[in-house]
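Shown here: protein20.txt, compact mmCIF, N, CA and C atoms.
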# COMPACT_ATOMS: atom_id res chain seq x y z
N MET A 1 0.84 -1.18 0.00
CA MET A 1 0.00 0.00 0.00
C MET A 1 0.88 1.24 0.00
N GLY A 2 0.57 2.17 -0.91
CA GLY A 2 1.38 3.37 -1.04
C GLY A 2 1.10 4.39 0.06
N LYS A 3 2.00 5.31 0.16
CA LYS A 3 1.83 6.37 1.16
C LYS A 3 0.76 7.35 0.70
N TYR A 4 0.05 7.92 1.65
CA TYR A 4 -0.97 8.92 1.36
C TYR A 4 -0.29 10.28 1.23
N ASP A 5 -0.52 10.93 0.11
CA ASP A 5 0.08 12.25 -0.11
C ASP A 5 -0.91 13.32 0.35
N TRP A 6 -0.73 13.80 1.55
CA TRP A 6 -1.65 14.77 2.14
C TRP A 6 -1.60 16.11 1.43
N ARG A 7 -0.50 16.39 0.73
CA ARG A 7 -0.39 17.68 0.03
C ARG A 7 -1.39 17.80 -1.11
N LYS A 8 -1.66 16.69 -1.80
CA LYS A 8 -2.67 16.73 -2.86
C LYS A 8 -4.04 17.05 -2.29
N HIS A 9 -4.36 16.43 -1.17
CA HIS A 9 -5.64 16.68 -0.52
C HIS A 9 -5.73 18.14 -0.08
N GLU A 10 -4.64 18.65 0.46
CA GLU A 10 -4.63 20.03 0.93
C GLU A 10 -4.84 21.00 -0.23
N LYS A 11 -4.19 20.73 -1.37
CA LYS A 11 -4.36 21.60 -2.54
C LYS A 11 -5.80 21.60 -3.02
N LYS A 12 -6.42 20.42 -3.08
CA LYS A 12 -7.82 20.34 -3.51
C LYS A 12 -8.72 21.08 -2.54
N THR A 13 -8.47 20.93 -1.25
CA THR A 13 -9.28 21.60 -0.24
C THR A 13 -9.14 23.11 -0.37
N ASN A 14 -7.92 23.59 -0.57
CA ASN A 14 -7.70 25.03 -0.71
C ASN A 14 -8.39 25.57 -1.96
N LYS A 15 -8.33 24.84 -3.08
CA LYS A 15 -8.99 25.29 -4.30
C LYS A 15 -10.49 25.36 -4.08
N ARG A 16 -11.06 24.35 -3.43
CA ARG A 16 -12.49 24.34 -3.17
C ARG A 16 -12.87 25.52 -2.27
N ARG A 17 -12.07 25.78 -1.26
CA ARG A 17 -12.34 26.88 -0.33
C ARG A 17 -12.27 28.22 -1.07
N ASP A 18 -11.30 28.37 -1.97
CA ASP A 18 -11.18 29.61 -2.74
C ASP A 18 -12.40 29.82 -3.63
N ARG A 19 -12.88 28.75 -4.28
CA ARG A 19 -14.07 28.86 -5.12
C ARG A 19 -15.28 29.26 -4.30
N GLU A 20 -15.44 28.65 -3.12
CA GLU A 20 -16.59 28.95 -2.27
C GLU A 20 -16.54 30.38 -1.79
N ALA A 21 -15.36 30.90 -1.54
CA ALA A 21 -15.22 32.26 -1.05
C ALA A 21 -15.15 33.27 -2.17
N GLY A 22 -15.26 32.84 -3.41
CA GLY A 22 -15.22 33.77 -4.53
C GLY A 22 -13.83 34.22 -4.88
N GLY A 23 -12.85 33.33 -4.79
CA GLY A 23 -11.46 33.70 -5.05
C GLY A 23 -10.96 33.29 -6.41
N GLY A 24 -11.84 32.89 -7.33
CA GLY A 24 -11.41 32.48 -8.66
C GLY A 24 -11.01 33.67 -9.51
N ALA A 25 -10.38 33.38 -10.63
CA ALA A 25 -9.90 34.44 -11.52
C ALA A 25 -11.06 35.27 -12.07
N ARG A 26 -12.16 34.60 -12.45
CA ARG A 26 -13.31 35.33 -12.99
C ARG A 26 -13.90 36.25 -11.92
N THR A 27 -14.01 35.75 -10.71
CA THR A 27 -14.56 36.56 -9.62
C THR A 27 -13.66 37.75 -9.33
N MET A 28 -12.36 37.54 -9.35
CA MET A 28 -11.44 38.66 -9.10
C MET A 28 -11.57 39.72 -10.18
N ARG A 29 -11.68 39.29 -11.44
CA ARG A 29 -11.87 40.25 -12.53
C ARG A 29 -13.18 41.00 -12.37
N LEU A 30 -14.24 40.27 -12.01
CA LEU A 30 -15.54 40.89 -11.85
C LEU A 30 -15.55 41.90 -10.72
N ARG A 31 -14.88 41.57 -9.61
CA ARG A 31 -14.80 42.52 -8.49
C ARG A 31 -14.10 43.80 -8.93
N GLU A 32 -13.01 43.67 -9.68
CA GLU A 32 -12.27 44.85 -10.14
C GLU A 32 -13.11 45.67 -11.14
N LEU A 33 -13.81 44.99 -12.04
CA LEU A 33 -14.66 45.70 -13.00
C LEU A 33 -15.79 46.45 -12.29
N ILE A 34 -16.39 45.83 -11.30
CA ILE A 34 -17.46 46.48 -10.54
C ILE A 34 -16.91 47.70 -9.82
N ARG A 35 -15.73 47.57 -9.21
CA ARG A 35 -15.13 48.70 -8.49
C ARG A 35 -14.86 49.86 -9.44
N GLU A 36 -14.27 49.57 -10.60
CA GLU A 36 -13.96 50.63 -11.56
C GLU A 36 -15.24 51.30 -12.06
N GLU A 37 -16.26 50.52 -12.38
CA GLU A 37 -17.52 51.08 -12.89
C GLU A 37 -18.23 51.90 -11.83
N LEU A 38 -18.22 51.44 -10.58
CA LEU A 38 -18.85 52.21 -9.50
C LEU A 38 -18.14 53.56 -9.32
N ASN A 39 -16.82 53.56 -9.37
CA ASN A 39 -16.08 54.82 -9.25
C ASN A 39 -16.39 55.75 -10.41
N PHE A 40 -16.50 55.19 -11.61
CA PHE A 40 -16.85 56.00 -12.78
C PHE A 40 -18.24 56.63 -12.59
N LEU A 41 -19.19 55.83 -12.13
CA LEU A 41 -20.55 56.33 -11.93
C LEU A 41 -20.61 57.37 -10.81
N LEU A 42 -19.86 57.17 -9.74
CA LEU A 42 -19.87 58.13 -8.64
C LEU A 42 -19.26 59.46 -9.06
N ARG A 43 -18.26 59.42 -9.94
CA ARG A 43 -17.64 60.67 -10.40
C ARG A 43 -18.50 61.43 -11.39
N GLY A 44 -19.24 60.71 -12.25
CA GLY A 44 -19.90 61.41 -13.33
C GLY A 44 -21.41 61.34 -13.39
N GLU A 45 -22.01 60.26 -12.94
CA GLU A 45 -23.44 60.06 -13.15
C GLU A 45 -24.30 60.38 -11.93
N VAL A 46 -23.81 60.08 -10.74
CA VAL A 46 -24.58 60.27 -9.52
C VAL A 46 -24.49 61.74 -9.12
N ARG A 47 -25.64 62.35 -8.90
CA ARG A 47 -25.68 63.78 -8.61
C ARG A 47 -25.91 64.11 -7.14
N ASP A 48 -25.84 63.14 -6.28
CA ASP A 48 -26.06 63.36 -4.86
C ASP A 48 -24.84 64.07 -4.25
N PRO A 49 -25.01 65.27 -3.67
CA PRO A 49 -23.86 66.00 -3.13
C PRO A 49 -23.21 65.28 -1.94
N ARG A 50 -23.95 64.39 -1.28
CA ARG A 50 -23.36 63.65 -0.16
C ARG A 50 -22.30 62.67 -0.63
N LEU A 51 -22.29 62.36 -1.93
CA LEU A 51 -21.33 61.39 -2.46
C LEU A 51 -20.14 62.04 -3.16
N ASP A 52 -20.03 63.37 -3.06
CA ASP A 52 -18.85 64.05 -3.62
C ASP A 52 -17.61 63.62 -2.86
N GLY A 53 -16.59 63.21 -3.58
CA GLY A 53 -15.34 62.81 -2.96
C GLY A 53 -15.33 61.39 -2.41
N VAL A 54 -16.38 60.62 -2.67
CA VAL A 54 -16.43 59.23 -2.21
C VAL A 54 -15.81 58.35 -3.29
N GLU A 55 -14.95 57.42 -2.86
CA GLU A 55 -14.31 56.51 -3.80
C GLU A 55 -14.44 55.08 -3.27
N ILE A 56 -14.74 54.16 -4.15
CA ILE A 56 -14.83 52.75 -3.80
C ILE A 56 -13.42 52.18 -3.83
N THR A 57 -12.97 51.60 -2.72
CA THR A 57 -11.61 51.08 -2.64
C THR A 57 -11.53 49.59 -2.91
N MET A 58 -12.62 48.85 -2.60
CA MET A 58 -12.59 47.41 -2.77
C MET A 58 -14.03 46.90 -2.86
N VAL A 59 -14.21 45.81 -3.60
CA VAL A 59 -15.52 45.16 -3.70
C VAL A 59 -15.34 43.70 -3.35
N GLU A 60 -16.20 43.19 -2.47
CA GLU A 60 -16.22 41.78 -2.12
C GLU A 60 -17.50 41.18 -2.68
N LEU A 61 -17.40 40.00 -3.27
CA LEU A 61 -18.57 39.29 -3.80
C LEU A 61 -18.83 38.06 -2.96
N SER A 62 -20.12 37.74 -2.77
CA SER A 62 -20.47 36.50 -2.11
C SER A 62 -20.12 35.34 -3.04
N GLY A 63 -20.10 34.13 -2.50
CA GLY A 63 -19.71 32.97 -3.28
C GLY A 63 -20.57 32.74 -4.50
N ASP A 64 -21.88 33.03 -4.39
CA ASP A 64 -22.78 32.83 -5.53
C ASP A 64 -22.95 34.09 -6.37
N GLY A 65 -22.32 35.19 -5.97
CA GLY A 65 -22.37 36.42 -6.76
C GLY A 65 -23.65 37.21 -6.61
N SER A 66 -24.48 36.87 -5.62
CA SER A 66 -25.75 37.56 -5.47
C SER A 66 -25.64 38.84 -4.64
N ARG A 67 -24.56 38.96 -3.87
CA ARG A 67 -24.38 40.14 -3.03
C ARG A 67 -22.96 40.67 -3.21
N ALA A 68 -22.86 41.99 -3.15
CA ALA A 68 -21.55 42.64 -3.23
C ALA A 68 -21.45 43.68 -2.13
N ARG A 69 -20.31 43.72 -1.47
CA ARG A 69 -20.06 44.75 -0.47
C ARG A 69 -18.99 45.68 -1.02
N ALA A 70 -19.32 46.95 -1.11
CA ALA A 70 -18.39 47.95 -1.63
C ALA A 70 -17.80 48.72 -0.45
N TRP A 71 -16.50 48.69 -0.33
CA TRP A 71 -15.80 49.42 0.72
C TRP A 71 -15.41 50.78 0.15
N PHE A 72 -15.72 51.85 0.88
CA PHE A 72 -15.49 53.20 0.36
C PHE A 72 -14.65 54.02 1.32
N THR A 73 -14.12 55.09 0.78
CA THR A 73 -13.42 56.10 1.55
C THR A 73 -13.88 57.46 1.03
N SER A 74 -13.75 58.48 1.86
CA SER A 74 -14.12 59.82 1.43
C SER A 74 -12.99 60.78 1.72
N LYS A 75 -12.93 61.84 0.93
CA LYS A 75 -11.83 62.80 1.06
C LYS A 75 -11.90 63.57 2.37
N ASP A 76 -13.10 63.92 2.79
CA ASP A 76 -13.24 64.67 4.03
C ASP A 76 -13.92 63.80 5.08
N GLU A 77 -13.83 64.22 6.32
CA GLU A 77 -14.42 63.47 7.42
C GLU A 77 -15.92 63.79 7.50
N ARG A 78 -16.71 62.93 6.90
CA ARG A 78 -18.16 63.06 6.99
C ARG A 78 -18.71 61.87 7.74
N ASP A 79 -19.94 62.01 8.16
CA ASP A 79 -20.59 60.94 8.89
C ASP A 79 -20.75 59.71 7.99
N GLU A 80 -20.32 58.57 8.48
CA GLU A 80 -20.38 57.34 7.71
C GLU A 80 -21.83 56.97 7.39
N ARG A 81 -22.73 57.17 8.35
CA ARG A 81 -24.14 56.82 8.11
C ARG A 81 -24.74 57.63 6.98
N GLU A 82 -24.37 58.89 6.87
CA GLU A 82 -24.88 59.75 5.80
C GLU A 82 -24.45 59.23 4.43
N ILE A 83 -23.19 58.82 4.32
CA ILE A 83 -22.68 58.31 3.05
C ILE A 83 -23.31 56.97 2.72
N VAL A 84 -23.45 56.11 3.73
CA VAL A 84 -24.07 54.80 3.51
C VAL A 84 -25.52 54.97 3.06
N GLU A 85 -26.25 55.91 3.68
CA GLU A 85 -27.64 56.18 3.26
C GLU A 85 -27.68 56.64 1.81
N ALA A 86 -26.77 57.51 1.44
CA ALA A 86 -26.74 58.01 0.06
C ALA A 86 -26.40 56.88 -0.92
N LEU A 87 -25.44 56.04 -0.57
CA LEU A 87 -25.08 54.92 -1.44
C LEU A 87 -26.22 53.90 -1.53
N ASP A 88 -26.90 53.65 -0.41
CA ASP A 88 -28.05 52.74 -0.44
C ASP A 88 -29.18 53.32 -1.28
N GLY A 89 -29.35 54.63 -1.22
CA GLY A 89 -30.38 55.27 -2.04
C GLY A 89 -30.07 55.20 -3.52
N ALA A 90 -28.80 55.23 -3.86
CA ALA A 90 -28.39 55.17 -5.27
C ALA A 90 -28.14 53.74 -5.73
N ALA A 91 -28.32 52.76 -4.86
CA ALA A 91 -27.98 51.37 -5.18
C ALA A 91 -28.76 50.85 -6.38
N GLY A 92 -30.04 51.19 -6.49
CA GLY A 92 -30.83 50.72 -7.63
C GLY A 92 -30.30 51.25 -8.95
N PHE A 93 -30.00 52.54 -8.97
CA PHE A 93 -29.44 53.16 -10.17
C PHE A 93 -28.09 52.53 -10.51
N LEU A 94 -27.23 52.38 -9.49
CA LEU A 94 -25.91 51.81 -9.71
C LEU A 94 -26.01 50.37 -10.21
N ARG A 95 -26.92 49.62 -9.64
CA ARG A 95 -27.09 48.21 -10.02
C ARG A 95 -27.57 48.10 -11.47
N ASP A 96 -28.56 48.93 -11.84
CA ASP A 96 -29.06 48.91 -13.22
C ASP A 96 -27.95 49.27 -14.21
N ASP A 97 -27.18 50.28 -13.87
CA ASP A 97 -26.11 50.70 -14.78
C ASP A 97 -25.00 49.66 -14.86
N LEU A 98 -24.71 48.99 -13.73
CA LEU A 98 -23.72 47.91 -13.77
C LEU A 98 -24.17 46.79 -14.69
N ALA A 99 -25.44 46.42 -14.60
CA ALA A 99 -25.96 45.34 -15.44
C ALA A 99 -25.84 45.70 -16.91
N GLU A 100 -26.15 46.96 -17.23
CA GLU A 100 -26.10 47.40 -18.62
C GLU A 100 -24.67 47.51 -19.13
N SER A 101 -23.80 48.15 -18.37
CA SER A 101 -22.45 48.40 -18.86
C SER A 101 -21.56 47.15 -18.84
N LEU A 102 -21.76 46.25 -17.87
CA LEU A 102 -20.93 45.05 -17.79
C LEU A 102 -21.58 43.84 -18.45
N GLY A 103 -22.84 43.98 -18.85
CA GLY A 103 -23.52 42.90 -19.53
C GLY A 103 -23.77 41.69 -18.64
N LEU A 104 -24.13 41.95 -17.39
CA LEU A 104 -24.34 40.86 -16.44
C LEU A 104 -25.79 40.37 -16.49
N LYS A 105 -25.96 39.06 -16.42
CA LYS A 105 -27.32 38.51 -16.34
C LYS A 105 -27.90 38.76 -14.95
N ARG A 106 -27.10 38.48 -13.95
CA ARG A 106 -27.53 38.70 -12.57
C ARG A 106 -26.56 39.70 -11.93
N THR A 107 -27.10 40.83 -11.55
CA THR A 107 -26.28 41.85 -10.93
C THR A 107 -26.41 41.73 -9.42
N PRO A 108 -25.30 41.77 -8.69
CA PRO A 108 -25.38 41.59 -7.23
C PRO A 108 -26.06 42.77 -6.53
N ASP A 109 -26.70 42.46 -5.40
CA ASP A 109 -27.22 43.51 -4.52
C ASP A 109 -26.03 44.24 -3.92
N LEU A 110 -26.11 45.55 -3.86
CA LEU A 110 -24.98 46.35 -3.38
C LEU A 110 -25.20 46.79 -1.95
N ARG A 111 -24.21 46.59 -1.13
CA ARG A 111 -24.15 47.10 0.24
C ARG A 111 -22.83 47.86 0.36
N SER A 112 -22.78 48.82 1.26
CA SER A 112 -21.57 49.62 1.37
C SER A 112 -21.13 49.76 2.81
N ARG A 113 -19.82 49.94 2.95
CA ARG A 113 -19.19 50.14 4.25
C ARG A 113 -17.95 50.97 4.08
N ARG A 114 -17.63 51.75 5.11
CA ARG A 114 -16.39 52.53 5.08
C ARG A 114 -15.20 51.59 5.20
N ASP A 115 -14.18 51.84 4.42
CA ASP A 115 -12.97 51.04 4.45
C ASP A 115 -12.21 51.36 5.74
N PRO A 116 -12.08 50.40 6.64
CA PRO A 116 -11.46 50.70 7.94
C PRO A 116 -9.98 51.04 7.82
N ALA A 117 -9.29 50.50 6.83
CA ALA A 117 -7.86 50.77 6.69
C ALA A 117 -7.61 52.23 6.32
N THR A 118 -8.33 52.74 5.35
CA THR A 118 -8.11 54.13 4.94
C THR A 118 -8.70 55.09 5.96
N HIS A 119 -9.75 54.68 6.66
CA HIS A 119 -10.35 55.53 7.69
C HIS A 119 -9.37 55.71 8.85
N ALA A 120 -8.73 54.64 9.28
CA ALA A 120 -7.77 54.72 10.37
C ALA A 120 -6.53 55.50 9.95
N PHE A 121 -6.09 55.32 8.70
CA PHE A 121 -4.91 56.02 8.21
C PHE A 121 -5.16 57.52 8.15
N ALA A 122 -6.36 57.93 7.77
CA ALA A 122 -6.68 59.35 7.67
C ALA A 122 -6.68 60.02 9.03
N ARG A 123 -6.96 59.26 10.09
CA ARG A 123 -7.01 59.81 11.44
C ARG A 123 -5.63 59.95 12.07
N GLU A 124 -4.65 59.16 11.65
CA GLU A 124 -3.33 59.19 12.25
C GLU A 124 -2.63 60.50 11.91
N PRO A 125 -1.97 61.11 12.87
CA PRO A 125 -1.21 62.33 12.56
C PRO A 125 0.00 62.00 11.70
N GLN A 126 0.26 62.86 10.75
CA GLN A 126 1.38 62.66 9.85
C GLN A 126 2.66 63.15 10.51
N GLU A 127 3.70 62.34 10.44
CA GLU A 127 5.00 62.73 11.01
C GLU A 127 5.84 63.38 9.91
N PRO A 128 6.66 64.34 10.26
CA PRO A 128 7.53 64.95 9.24
C PRO A 128 8.55 63.96 8.73
N ASP A 129 8.97 64.18 7.48
CA ASP A 129 9.95 63.29 6.85
C ASP A 129 11.33 63.42 7.49
N ASP A 130 11.69 64.63 7.86
CA ASP A 130 13.01 64.90 8.40
C ASP A 130 12.92 64.96 9.93
N PRO A 131 13.65 64.15 10.66
CA PRO A 131 13.56 64.18 12.13
C PRO A 131 14.06 65.49 12.72
N ASN A 132 14.87 66.27 11.98
CA ASN A 132 15.37 67.55 12.49
C ASN A 132 14.31 68.63 12.47
N GLU A 133 13.18 68.40 11.75
CA GLU A 133 12.15 69.42 11.64
C GLU A 133 11.19 69.39 12.83
N ARG A 134 11.32 68.45 13.74
CA ARG A 134 10.40 68.36 14.89
C ARG A 134 10.61 69.55 15.79
N GLU A 135 9.52 69.93 16.44
CA GLU A 135 9.59 71.11 17.31
C GLU A 135 10.04 70.77 18.69

What does the file become when written as C-alpha cells?
Amino acid sequence: MGKYDWRKHEKKTNKRRDREAGGGARTMRLRELIREELNFLLRGEVRDPRLDGVEITMVELSGDGSRARAWFTSKDERDEREIVEALDGAAGFLRDDLAESLGLKRTPDLRSRRDPATHAFAREPQEPDDPNERE
C-alpha cells in the first residue's frame, strides 16, 4: 500500500475553499470591473452631493455572486451613516447601470461600508519626513 500524499488533498481543499469564497480568476476580474464602474458612476453620473469625494476602494462578492459589499473612503471626514444612506439610495441606479455596462445577467445587490484601513490612516497624525524638523 502506497503512502498517502496529504499535500494533494490540501491543494484540492484550498482550491475548493477559494471557489466557495469567490477567489477564482473570474470573480477577481468581476470585483475589479465592478469597483472601476462604480467609481466612474460616482464621479460622473450620480448627482447626490453627499457622495462628492467618495471613492470605492474594494468590492467583495459572495460565493454565488448575489451580493456585493463595496468598501469606500471619502476625502473629508463626513458621517459614515450619511454616506451609507446616500449609497443605499443610489444602489438601484448603480445596479441597473452595472448590469447594462458590464452585460451581467444577474447583478449583485450592493451594500456599502467605510474602508477601515483608509479611515484609520486618515485619522493618524502625519510625522515629518526629516527628524530635524520636529519642534

Interatomic distance, CA of Val59 (chain A) to atom N of Leu33 (chain A) (Å, one decimal):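 Atom-to-atom, CA of Val59 (chain A) and atom N of Leu33 (chain A) are spaced 8.5 Å apart.
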
Can you tell me which residues surround region 99-108 of chain A at a distance of at most 6 Å, considering all atoms listed in the file, apart from same-chain residues fewer than 5 positions away, and format the answer as a PyMOL selection string? chain A and resi 65-68+94

Return as an MDAnalysis selection string the full set of residues in region 1-118 of chain A whose backbone-based DSSP assignment is helix (DSSP H, G or I). chainID A and resid 6:20 25:44 49:51 80:89 91:102 116:118

Using Å and a single decimal, report how far CA of Ala70 (chain A) sits from CA of Thr27 (chain A).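 Here the two named atoms are 14.4 Å from each other.
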
Name the closest residue to Arg50 (chain A) among the candidates A:Met28, A:Glu82, A:Asp64, A:Glu36; distances are taken between atoms, counting all atoms listed in the file.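 Answer, going by the shortest atom-to-atom distance: A:Glu82.
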
Atom pair CA of Val84 (chain A) / atom C of Glu32 (chain A): separation (Å):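 Between CA of Val84 (chain A) and atom C of Glu32 (chain A) the gap works out to 20.4 Å.
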
Name the closest residue to Asp48 (chain A) among the candidates A:Arg31, A:Arg95, A:Ala86, A:Asp109; distances are taken between atoms, counting only N, CA and C atoms.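 Comparing A:Arg31, A:Arg95, A:Ala86, A:Asp109 against Asp48 (chain A), the winner is A:Ala86.
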
Of the candidates A:Phe40, A:Glu60, A:Arg113, A:Asp97, which shows the shortest atom-to-atom distance to Thr73 (chain A), using all atoms listed in the file?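 Among the listed residues, A:Arg113 lies closest to Thr73 (chain A).
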
A:Leu61, A:Leu51, A:Arg69, A:Leu98 ranked by distance to Ile83 (chain A), top pick (using only C-alpha atoms):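 Among the listed residues, A:Leu51 lies closest to Ile83 (chain A).
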
Secondary structure check, strand (DSSP E or B) residues of region 10-114 of chain A, as a VMD selection string: chain A and resid 54 to 61 67 to 74 109 to 114

Among the residues A:Arg78, A:Arg29, A:Asp115, A:Ile56, the one that comes closest to Leu42 (chain A) [using only N, CA and C atoms]: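 Smallest separation from Leu42 (chain A) among the options: A:Ile56.
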